[in-house]
>>> print(open('my_file_6.pdb').read())   # PDB, C-alpha atoms
MODEL        1
ATOM      1  CA  MET A1365      41.077  11.918 -37.914
ATOM      2  CA  ARG A1366      40.593   8.354 -36.714
ATOM      3  CA  VAL A1367      42.640   6.671 -39.440
ATOM      4  CA  PRO A1368      45.370   8.953 -40.779
ATOM      5  CA  PRO A1369      47.085   8.261 -44.090
ATOM      6  CA  LEU A1370      49.741   5.576 -43.820
ATOM      7  CA  PRO A1371      53.118   7.169 -43.001
ATOM      8  CA  ALA A1372      55.505   7.260 -45.963
ATOM      9  CA  ASP A1373      58.042   4.971 -44.280
ATOM     10  CA  GLN A1374      55.399   2.219 -44.124
ATOM     11  CA  TRP A1375      54.599   2.160 -47.848
ATOM     12  CA  ASP A1376      55.842  -1.281 -48.834
ATOM     13  CA  ASP A1377      55.328  -3.860 -51.573
ATOM     14  CA  ALA A1378      51.896  -4.805 -50.190
ATOM     15  CA  VAL A1379      50.760  -1.176 -50.521
ATOM     16  CA  ASP A1380      52.197  -0.998 -54.040
ATOM     17  CA  ARG A1381      50.338  -4.190 -55.055
ATOM     18  CA  ALA A1382      47.100  -2.871 -53.568
ATOM     19  CA  LEU A1383      47.306   0.430 -55.437
ATOM     20  CA  ALA A1384      48.466  -1.205 -58.684
ATOM     21  CA  VAL A1385      44.867  -2.265 -59.222
ATOM     22  CA  MET A1386      43.942   1.380 -59.918
ATOM     23  CA  LEU A1387      46.997   3.615 -60.126
ATOM     24  CA  PRO A1388      49.950   3.804 -62.512
ATOM     25  CA  GLN A1389      53.394   3.348 -60.965
ATOM     26  CA  GLU A1390      54.110   7.096 -60.757
ATOM     27  CA  ARG A1391      51.091   7.677 -58.489
ATOM     28  CA  ARG A1392      51.703   4.772 -56.095
ATOM     29  CA  ASN A1393      53.467   6.843 -53.458
ATOM     30  CA  PRO A1394      52.414   8.997 -50.490
ATOM     31  CA  GLN A1395      52.928  12.254 -52.400
ATOM     32  CA  ASN A1396      50.849  11.381 -55.463
ATOM     33  CA  ALA A1397      48.121   9.111 -54.134
ATOM     34  CA  SER A1398      44.973  10.784 -52.850
ATOM     35  CA  ASN A1399      44.150  11.126 -49.162
ATOM     36  CA  ILE A1400      41.505   8.438 -49.500
ATOM     37  CA  LEU A1401      43.958   5.910 -50.928
ATOM     38  CA  GLY A1402      46.657   6.940 -48.467
ATOM     39  CA  THR A1403      44.186   6.171 -45.695
ATOM     40  CA  PHE A1404      42.804   2.975 -47.188
ATOM     41  CA  VAL A1405      46.276   1.432 -47.591
ATOM     42  CA  ASN A1406      46.484   1.086 -43.834
ATOM     43  CA  HIS A1407      44.818  -2.228 -44.785
ATOM     44  CA  PRO A1408      46.450  -3.231 -48.106
ATOM     45  CA  ASP A1409      44.562  -6.505 -48.602
ATOM     46  CA  LEU A1410      41.174  -4.831 -48.156
ATOM     47  CA  THR A1411      42.245  -1.900 -50.331
ATOM     48  CA  LYS A1412      43.308  -4.200 -53.155
ATOM     49  CA  GLU A1413      40.001  -6.066 -53.212
ATOM     50  CA  PHE A1414      37.923  -2.905 -52.803
ATOM     51  CA  LEU A1415      39.795  -1.171 -55.626
ATOM     52  CA  ARG A1416      39.083  -4.092 -57.982
ATOM     53  CA  PHE A1417      35.368  -3.545 -57.383
ATOM     54  CA  ASN A1418      35.589   0.246 -57.455
ATOM     55  CA  THR A1419      37.690   0.195 -60.627
ATOM     56  CA  HIS A1420      34.912  -1.748 -62.341
ATOM     57  CA  LEU A1421      32.353   0.818 -61.257
ATOM     58  CA  LEU A1422      34.464   3.804 -62.328
ATOM     59  CA  PHE A1423      36.092   2.535 -65.513
ATOM     60  CA  ASN A1424      34.367  -0.623 -66.740
ATOM     61  CA  SER A1425      30.753  -0.130 -65.729
ATOM     62  CA  THR A1426      28.028  -0.316 -68.326
ATOM     63  CA  LEU A1427      26.623   2.983 -67.043
ATOM     64  CA  PRO A1428      27.106   6.127 -69.110
ATOM     65  CA  PRO A1429      29.793   8.088 -67.188
ATOM     66  CA  ARG A1430      27.688  11.257 -66.927
ATOM     67  CA  LEU A1431      24.800   9.383 -65.303
ATOM     68  CA  ARG A1432      27.169   7.426 -63.058
ATOM     69  CA  GLU A1433      28.559  10.714 -61.760
ATOM     70  CA  LEU A1434      25.057  12.153 -61.325
ATOM     71  CA  ALA A1435      24.171   9.175 -59.115
ATOM     72  CA  ILE A1436      27.421   9.346 -57.121
ATOM     73  CA  LEU A1437      26.928  13.064 -56.509
ATOM     74  CA  ARG A1438      23.419  12.404 -55.214
ATOM     75  CA  VAL A1439      24.868   9.811 -52.819
ATOM     76  CA  ALA A1440      27.573  12.277 -51.740
ATOM     77  CA  HIS A1441      24.972  14.966 -51.111
ATOM     78  CA  ARG A1442      22.531  12.718 -49.276
ATOM     79  CA  THR A1443      25.273  11.235 -47.075
ATOM     80  CA  ASP A1444      26.850  14.659 -46.480
ATOM     81  CA  SER A1445      30.257  13.465 -47.658
ATOM     82  CA  ALA A1446      32.334  16.567 -48.428
ATOM     83  CA  TYR A1447      35.281  14.541 -49.745
ATOM     84  CA  GLU A1448      33.161  12.440 -52.073
ATOM     85  CA  TRP A1449      31.281  15.549 -53.233
ATOM     86  CA  MET A1450      34.477  17.470 -54.006
ATOM     87  CA  GLN A1451      36.066  14.605 -55.947
ATOM     88  CA  HIS A1452      32.973  13.758 -57.964
ATOM     89  CA  VAL A1453      32.063  17.336 -58.845
ATOM     90  CA  LYS A1454      35.400  17.419 -60.699
ATOM     91  CA  LEU A1455      34.733  14.056 -62.337
ATOM     92  CA  GLY A1456      31.144  14.995 -63.147
ATOM     93  CA  LEU A1457      32.188  18.178 -64.925
ATOM     94  CA  ARG A1458      34.692  16.168 -66.978
ATOM     95  CA  GLU A1459      31.915  13.711 -67.898
ATOM     96  CA  GLY A1460      29.513  16.384 -69.121
ATOM     97  CA  LEU A1461      27.548  17.519 -66.085
ATOM     98  CA  THR A1462      26.937  21.259 -65.972
ATOM     99  CA  ASP A1463      27.055  23.551 -62.973
ATOM    100  CA  GLU A1464      23.242  23.624 -63.124
ATOM    101  CA  ASP A1465      23.078  19.812 -63.138
ATOM    102  CA  ILE A1466      25.288  19.751 -60.045
ATOM    103  CA  ALA A1467      23.251  22.421 -58.262
ATOM    104  CA  GLY A1468      20.121  20.420 -59.090
ATOM    105  CA  VAL A1469      21.587  17.328 -57.437
ATOM    106  CA  GLN A1470      21.612  19.224 -54.147
ATOM    107  CA  ARG A1471      17.950  20.167 -54.567
ATOM    108  CA  GLY A1472      16.954  16.732 -55.850
ATOM    109  CA  GLU A1473      15.899  18.310 -59.121
ATOM    110  CA  ALA A1474      16.857  17.881 -62.752
ATOM    111  CA  GLY A1475      15.633  19.431 -65.968
ATOM    112  CA  ASP A1476      15.989  16.185 -67.895
ATOM    113  CA  PRO A1477      13.322  13.558 -67.089
ATOM    114  CA  PHE A1478      15.796  10.651 -67.101
ATOM    115  CA  ASP A1479      18.184  12.568 -64.843
ATOM    116  CA  ARG A1480      15.232  12.972 -62.442
ATOM    117  CA  THR A1481      14.702   9.207 -62.601
ATOM    118  CA  VAL A1482      18.350   8.655 -61.657
ATOM    119  CA  LEU A1483      18.019  10.997 -58.659
ATOM    120  CA  THR A1484      14.767   9.333 -57.607
ATOM    121  CA  ALA A1485      16.348   5.893 -57.857
ATOM    122  CA  VAL A1486      19.240   6.967 -55.605
ATOM    123  CA  ASP A1487      16.815   8.478 -53.101
ATOM    124  CA  GLU A1488      14.695   5.332 -53.015
ATOM    125  CA  LEU A1489      17.729   3.098 -52.510
ATOM    126  CA  LEU A1490      18.952   5.286 -49.662
ATOM    127  CA  ALA A1491      15.519   5.493 -48.042
ATOM    128  CA  SER A1492      14.510   1.834 -48.175
ATOM    129  CA  TYR A1493      17.454  -0.122 -49.607
ATOM    130  CA  ASN A1494      15.110  -0.986 -52.437
ATOM    131  CA  MET A1495      13.703   0.589 -55.560
ATOM    132  CA  SER A1496      10.039   0.785 -56.482
ATOM    133  CA  ASP A1497       8.792  -1.169 -59.484
ATOM    134  CA  ALA A1498       7.920   2.123 -61.175
ATOM    135  CA  THR A1499      11.428   3.510 -60.778
ATOM    136  CA  TRP A1500      13.017   0.200 -61.848
ATOM    137  CA  ALA A1501      10.852   0.285 -64.984
ATOM    138  CA  ALA A1502      11.662   3.962 -65.622
ATOM    139  CA  LEU A1503      15.391   3.195 -65.437
ATOM    140  CA  GLY A1504      14.703   0.345 -67.868
ATOM    141  CA  GLU A1505      13.595   2.839 -70.495
ATOM    142  CA  ARG A1506      17.291   3.635 -71.069
ATOM    143  CA  PHE A1507      19.217   1.037 -69.034
ATOM    144  CA  ASP A1508      19.352  -2.656 -69.734
ATOM    145  CA  LYS A1509      19.516  -5.257 -66.952
ATOM    146  CA  ARG A1510      23.300  -5.018 -66.559
ATOM    147  CA  GLN A1511      23.202  -1.238 -66.415
ATOM    148  CA  ARG A1512      20.554  -1.341 -63.704
ATOM    149  CA  MET A1513      22.696  -3.831 -61.786
ATOM    150  CA  ASP A1514      25.747  -1.570 -62.150
ATOM    151  CA  PHE A1515      23.585   1.331 -60.982
ATOM    152  CA  VAL A1516      22.523  -0.413 -57.756
ATOM    153  CA  PHE A1517      26.081  -1.515 -57.010
ATOM    154  CA  THR A1518      27.412   1.994 -57.738
ATOM    155  CA  VAL A1519      24.998   3.552 -55.266
ATOM    156  CA  GLY A1520      25.810   0.915 -52.648
ATOM    157  CA  CYS A1521      29.560   1.235 -53.167
ATOM    158  CA  TYR A1522      29.512   4.996 -52.779
ATOM    159  CA  VAL A1523      27.400   4.800 -49.639
ATOM    160  CA  THR A1524      30.144   2.533 -48.276
ATOM    161  CA  VAL A1525      32.840   4.963 -49.448
ATOM    162  CA  SER A1526      31.001   7.840 -47.792
ATOM    163  CA  MET A1527      30.735   5.935 -44.510
ATOM    164  CA  ALA A1528      34.448   5.116 -44.611
ATOM    165  CA  LEU A1529      35.501   8.661 -45.486
ATOM    166  CA  LYS A1530      33.442  10.202 -42.710
ATOM    167  CA  THR A1531      34.190   7.548 -40.081
ATOM    168  CA  PHE A1532      37.939   7.497 -40.737
ATOM    169  CA  GLY A1533      38.099  11.299 -40.968
ATOM    170  CA  VAL A1534      39.708  11.488 -44.408
ATOM    171  CA  GLU A1535      40.651  15.107 -45.024
ATOM    172  CA  LEU A1536      39.986  17.020 -48.224
ATOM    173  CA  GLU A1537      42.819  17.183 -50.729
ATOM    174  CA  GLN A1538      44.997  20.256 -50.633
ATOM    175  CA  GLU A1539      44.963  22.036 -53.983
ATOM    176  CA  ARG A1540      48.368  21.762 -55.645
TER     177      ARG A1540
ENDMDL
END
>>> encode(input="my_file_6.pdb", output="structure tokens")
Amino acid sequence: MRVPPLPADQWDDAVDRALAVMLPQERRNPQNASNILGTFVNHPDLTKEFLRFNTHLLFNSTLPPRLRELAILRVAHRTDSAYEWMQHVKLGLREGLTDEDIAGVQRGEAGDPFDRTVLTAVDELLASYNMSDATWAALGERFDKRQRMDFVFTVGCYVTVSMALKTFGVELEQER
């Protein structure tokens, strides 16, 4: 672990303000915040600004939540991020993904044609940091311009999250 969670005695007002962007008061403490947030608050100013962006992607995005989670899981799989995978499998199931959908993410397969388009779009972005015209148009069959923008930013954000998780050595949550 290169960047351990911030020790409890160092959780101050700056940490509270950073986490207030995403968490209710009762979760803004070392016992109830996740390992990722406990690690990120080593840099409260960065955490606060990142969480504003991430909160948009998770809670205010124009993307349908099920498809957002499908894309994030593909990023987690392709970047080999165990933490991201574990967290977003739970979220994905809550948003309507099935166990078969999740298994398909790992194979790069989906029974639904639009789900396949989502997986292809993630793969193209990760391979070339761009999306082919054909895939952009295929996403446009169900996504408007803002949704496609949210999609690209979601993929990019979760690549960044994956890099941070792996580089900092954020440990998986202990089941409570």
>>> residues_around(input="my_file_6.pdb", residues="A:Thr1403", least_positions_apart="2", cutoff="10 Å", atoms="all atoms listed in the file", output="VMD selection string")
chain A and resid 1366 to 1371 1394 1397 to 1401 1405 to 1408 1411 1528 to 1529 1532 to 1535
>>> closest_residue(input="my_file_6.pdb", among="A:Ala1372, A:Met1450, A:Val1482, A:Val1385", to="A:Arg1506", atoms="all atoms listed in the file")
A:Val1482
>>> axis_aligned_box(input="my_file_6.pdb", around="stretch 1475-1481 of chain A", padding_each_side="4 Å", output="JSON")
{"center_x": 15.8, "center_y": 14.3, "center_z": -65.2, "size_x": 12.9, "size_y": 18.2, "size_z": 13.5}
>>> residues_around(input="my_file_6.pdb", residues="A:Gln1451", least_positions_apart="3", cutoff="12 Å", atoms="only C-alpha atoms", output="ChimeraX atom specification")
/A:1398-1400,1433,1436-1437,1440,1445-1448,1454-1458,1526,1535-1539
>>> atom_distance(input="my_file_6.pdb", atom1="atom CA of A:Ala1382", atom2="atom CA of A:Asn1418")
12.5 Å
>>> resolve_selection(input="my_file_6.pdb", expression="the PyMOL selection byres ((chain A and resi 1495) around 12)", output="compact mmCIF listing (two decimals) with C-alpha atoms, keeping the file's coordinate frame")
# COMPACT_ATOMS: atom_id res chain seq x y z
CA THR A 1481 14.70 9.21 -62.60
CA VAL A 1482 18.35 8.65 -61.66
CA LEU A 1483 18.02 11.00 -58.66
CA THR A 1484 14.77 9.33 -57.61
CA ALA A 1485 16.35 5.89 -57.86
CA VAL A 1486 19.24 6.97 -55.60
CA ASP A 1487 16.82 8.48 -53.10
CA GLU A 1488 14.70 5.33 -53.02
CA LEU A 1489 17.73 3.10 -52.51
CA LEU A 1490 18.95 5.29 -49.66
CA ALA A 1491 15.52 5.49 -48.04
CA SER A 1492 14.51 1.83 -48.18
CA TYR A 1493 17.45 -0.12 -49.61
CA ASN A 1494 15.11 -0.99 -52.44
CA SER A 1496 10.04 0.78 -56.48
CA ASP A 1497 8.79 -1.17 -59.48
CA ALA A 1498 7.92 2.12 -61.18
CA THR A 1499 11.43 3.51 -60.78
CA TRP A 1500 13.02 0.20 -61.85
CA ALA A 1501 10.85 0.28 -64.98
CA ALA A 1502 11.66 3.96 -65.62
CA LEU A 1503 15.39 3.20 -65.44
CA ARG A 1512 20.55 -1.34 -63.70
CA MET A 1513 22.70 -3.83 -61.79
CA PHE A 1515 23.58 1.33 -60.98
CA VAL A 1516 22.52 -0.41 -57.76
CA VAL A 1519 25.00 3.55 -55.27
>>> closest_residue(input="my_file_6.pdb", among="A:Phe1417, A:Thr1443, A:Leu1431, A:Glu1505", to="A:Cys1521", atoms="only C-alpha atoms")
A:Phe1417
>>> atom_distance(input="my_file_6.pdb", atom1="atom CA of A:Leu1421", atom2="atom CA of A:Thr1518")
6.2 Å
>>> closest_residue(input="my_file_6.pdb", among="A:Thr1462, A:Gln1470, A:Thr1426, A:Thr1419", to="A:Asp1444", atoms="only C-alpha atoms")
A:Gln1470
>>> closest_residue(input="my_file_6.pdb", among="A:Phe1404, A:Leu1427, A:Asp1463, A:Lys1530", to="A:Phe1517", atoms="only C-alpha atoms")
A:Leu1427
>>> atom_distance(input="my_file_6.pdb", atom1="atom CA of A:Asp1479", atom2="atom CA of A:Arg1430")
9.8 Å
>>> closest_residue(input="my_file_6.pdb", among="A:Leu1461, A:Ala1378, A:Leu1422, A:Ile1466", to="A:His1441", atoms="all atoms listed in the file")
A:Ile1466
>>> build_atoms(input="my_file_6.pdb", residues="stretch 1454-1475 of chain A", atoms="N, CA, C and O atoms", output="PDB file, in the coordinates of the input")
ATOM      1  N   LYS A1454      34.358  17.324 -59.661  1.00  0.00           N
ATOM      2  CA  LYS A1454      35.400  17.419 -60.699  1.00  0.00           C
ATOM      3  C   LYS A1454      35.184  16.368 -61.786  1.00  0.00           C
ATOM      4  O   LYS A1454      35.231  16.676 -62.982  1.00  0.00           O
ATOM      5  N   LEU A1455      34.961  15.120 -61.360  1.00  0.00           N
ATOM      6  CA  LEU A1455      34.733  14.056 -62.337  1.00  0.00           C
ATOM      7  C   LEU A1455      33.461  14.300 -63.141  1.00  0.00           C
ATOM      8  O   LEU A1455      33.431  14.079 -64.358  1.00  0.00           O
ATOM      9  N   GLY A1456      32.412  14.742 -62.471  1.00  0.00           N
ATOM     10  CA  GLY A1456      31.144  14.995 -63.147  1.00  0.00           C
ATOM     11  C   GLY A1456      31.263  16.062 -64.225  1.00  0.00           C
ATOM     12  O   GLY A1456      30.712  15.916 -65.326  1.00  0.00           O
ATOM     13  N   LEU A1457      31.986  17.126 -63.920  1.00  0.00           N
ATOM     14  CA  LEU A1457      32.188  18.178 -64.925  1.00  0.00           C
ATOM     15  C   LEU A1457      32.956  17.633 -66.128  1.00  0.00           C
ATOM     16  O   LEU A1457      32.634  17.960 -67.269  1.00  0.00           O
ATOM     17  N   ARG A1458      33.936  16.782 -65.875  1.00  0.00           N
ATOM     18  CA  ARG A1458      34.692  16.168 -66.978  1.00  0.00           C
ATOM     19  C   ARG A1458      33.819  15.246 -67.816  1.00  0.00           C
ATOM     20  O   ARG A1458      34.091  15.030 -69.000  1.00  0.00           O
ATOM     21  N   GLU A1459      32.787  14.665 -67.190  1.00  0.00           N
ATOM     22  CA  GLU A1459      31.915  13.711 -67.898  1.00  0.00           C
ATOM     23  C   GLU A1459      30.673  14.362 -68.486  1.00  0.00           C
ATOM     24  O   GLU A1459      29.776  13.681 -68.959  1.00  0.00           O
ATOM     25  N   GLY A1460      30.595  15.692 -68.438  1.00  0.00           N
ATOM     26  CA  GLY A1460      29.513  16.384 -69.121  1.00  0.00           C
ATOM     27  C   GLY A1460      28.428  16.978 -68.252  1.00  0.00           C
ATOM     28  O   GLY A1460      27.479  17.572 -68.777  1.00  0.00           O
ATOM     29  N   LEU A1461      28.518  16.833 -66.942  1.00  0.00           N
ATOM     30  CA  LEU A1461      27.548  17.519 -66.085  1.00  0.00           C
ATOM     31  C   LEU A1461      27.838  19.012 -66.119  1.00  0.00           C
ATOM     32  O   LEU A1461      28.986  19.434 -66.225  1.00  0.00           O
ATOM     33  N   THR A1462      26.786  19.802 -66.013  1.00  0.00           N
ATOM     34  CA  THR A1462      26.937  21.259 -65.972  1.00  0.00           C
ATOM     35  C   THR A1462      26.844  21.734 -64.522  1.00  0.00           C
ATOM     36  O   THR A1462      26.426  20.979 -63.634  1.00  0.00           O
ATOM     37  N   ASP A1463      27.210  22.977 -64.307  1.00  0.00           N
ATOM     38  CA  ASP A1463      27.055  23.551 -62.973  1.00  0.00           C
ATOM     39  C   ASP A1463      25.594  23.493 -62.524  1.00  0.00           C
ATOM     40  O   ASP A1463      25.314  23.252 -61.350  1.00  0.00           O
ATOM     41  N   GLU A1464      24.667  23.698 -63.457  1.00  0.00           N
ATOM     42  CA  GLU A1464      23.242  23.624 -63.124  1.00  0.00           C
ATOM     43  C   GLU A1464      22.832  22.201 -62.766  1.00  0.00           C
ATOM     44  O   GLU A1464      22.049  21.982 -61.835  1.00  0.00           O
ATOM     45  N   ASP A1465      23.343  21.208 -63.486  1.00  0.00           N
ATOM     46  CA  ASP A1465      23.078  19.812 -63.138  1.00  0.00           C
ATOM     47  C   ASP A1465      23.528  19.539 -61.702  1.00  0.00           C
ATOM     48  O   ASP A1465      22.807  18.910 -60.918  1.00  0.00           O
ATOM     49  N   ILE A1466      24.714  20.007 -61.368  1.00  0.00           N
ATOM     50  CA  ILE A1466      25.288  19.751 -60.045  1.00  0.00           C
ATOM     51  C   ILE A1466      24.496  20.475 -58.960  1.00  0.00           C
ATOM     52  O   ILE A1466      24.210  19.897 -57.910  1.00  0.00           O
ATOM     53  N   ALA A1467      24.095  21.704 -59.224  1.00  0.00           N
ATOM     54  CA  ALA A1467      23.251  22.421 -58.262  1.00  0.00           C
ATOM     55  C   ALA A1467      21.916  21.698 -58.084  1.00  0.00           C
ATOM     56  O   ALA A1467      21.382  21.612 -56.972  1.00  0.00           O
ATOM     57  N   GLY A1468      21.381  21.154 -59.167  1.00  0.00           N
ATOM     58  CA  GLY A1468      20.121  20.420 -59.090  1.00  0.00           C
ATOM     59  C   GLY A1468      20.231  19.165 -58.244  1.00  0.00           C
ATOM     60  O   GLY A1468      19.262  18.783 -57.561  1.00  0.00           O
ATOM     61  N   VAL A1469      21.377  18.520 -58.268  1.00  0.00           N
ATOM     62  CA  VAL A1469      21.587  17.328 -57.437  1.00  0.00           C
ATOM     63  C   VAL A1469      21.323  17.672 -55.975  1.00  0.00           C
ATOM     64  O   VAL A1469      20.692  16.901 -55.251  1.00  0.00           O
ATOM     65  N   GLN A1470      21.786  18.818 -55.545  1.00  0.00           N
ATOM     66  CA  GLN A1470      21.612  19.224 -54.147  1.00  0.00           C
ATOM     67  C   GLN A1470      20.147  19.498 -53.803  1.00  0.00           C
ATOM     68  O   GLN A1470      19.740  19.327 -52.661  1.00  0.00           O
ATOM     69  N   ARG A1471      19.381  19.911 -54.792  1.00  0.00           N
ATOM     70  CA  ARG A1471      17.950  20.167 -54.567  1.00  0.00           C
ATOM     71  C   ARG A1471      17.098  18.940 -54.863  1.00  0.00           C
ATOM     72  O   ARG A1471      15.887  18.950 -54.628  1.00  0.00           O
ATOM     73  N   GLY A1472      17.714  17.906 -55.436  1.00  0.00           N
ATOM     74  CA  GLY A1472      16.954  16.732 -55.850  1.00  0.00           C
ATOM     75  C   GLY A1472      16.130  17.006 -57.088  1.00  0.00           C
ATOM     76  O   GLY A1472      15.089  16.380 -57.298  1.00  0.00           O
ATOM     77  N   GLU A1473      16.629  17.904 -57.922  1.00  0.00           N
ATOM     78  CA  GLU A1473      15.899  18.310 -59.121  1.00  0.00           C
ATOM     79  C   GLU A1473      16.783  18.156 -60.344  1.00  0.00           C
ATOM     80  O   GLU A1473      18.012  18.245 -60.259  1.00  0.00           O
ATOM     81  N   ALA A1474      16.137  17.945 -61.484  1.00  0.00           N
ATOM     82  CA  ALA A1474      16.857  17.881 -62.752  1.00  0.00           C
ATOM     83  C   ALA A1474      15.909  18.290 -63.860  1.00  0.00           C
ATOM     84  O   ALA A1474      14.722  17.964 -63.824  1.00  0.00           O
ATOM     85  N   GLY A1475      16.441  19.009 -64.833  1.00  0.00           N
ATOM     86  CA  GLY A1475      15.633  19.431 -65.968  1.00  0.00           C
ATOM     87  C   GLY A1475      15.291  18.282 -66.899  1.00  0.00           C
ATOM     88  O   GLY A1475      14.220  18.245 -67.496  1.00  0.00           O
TER      89      GLY A1475
END
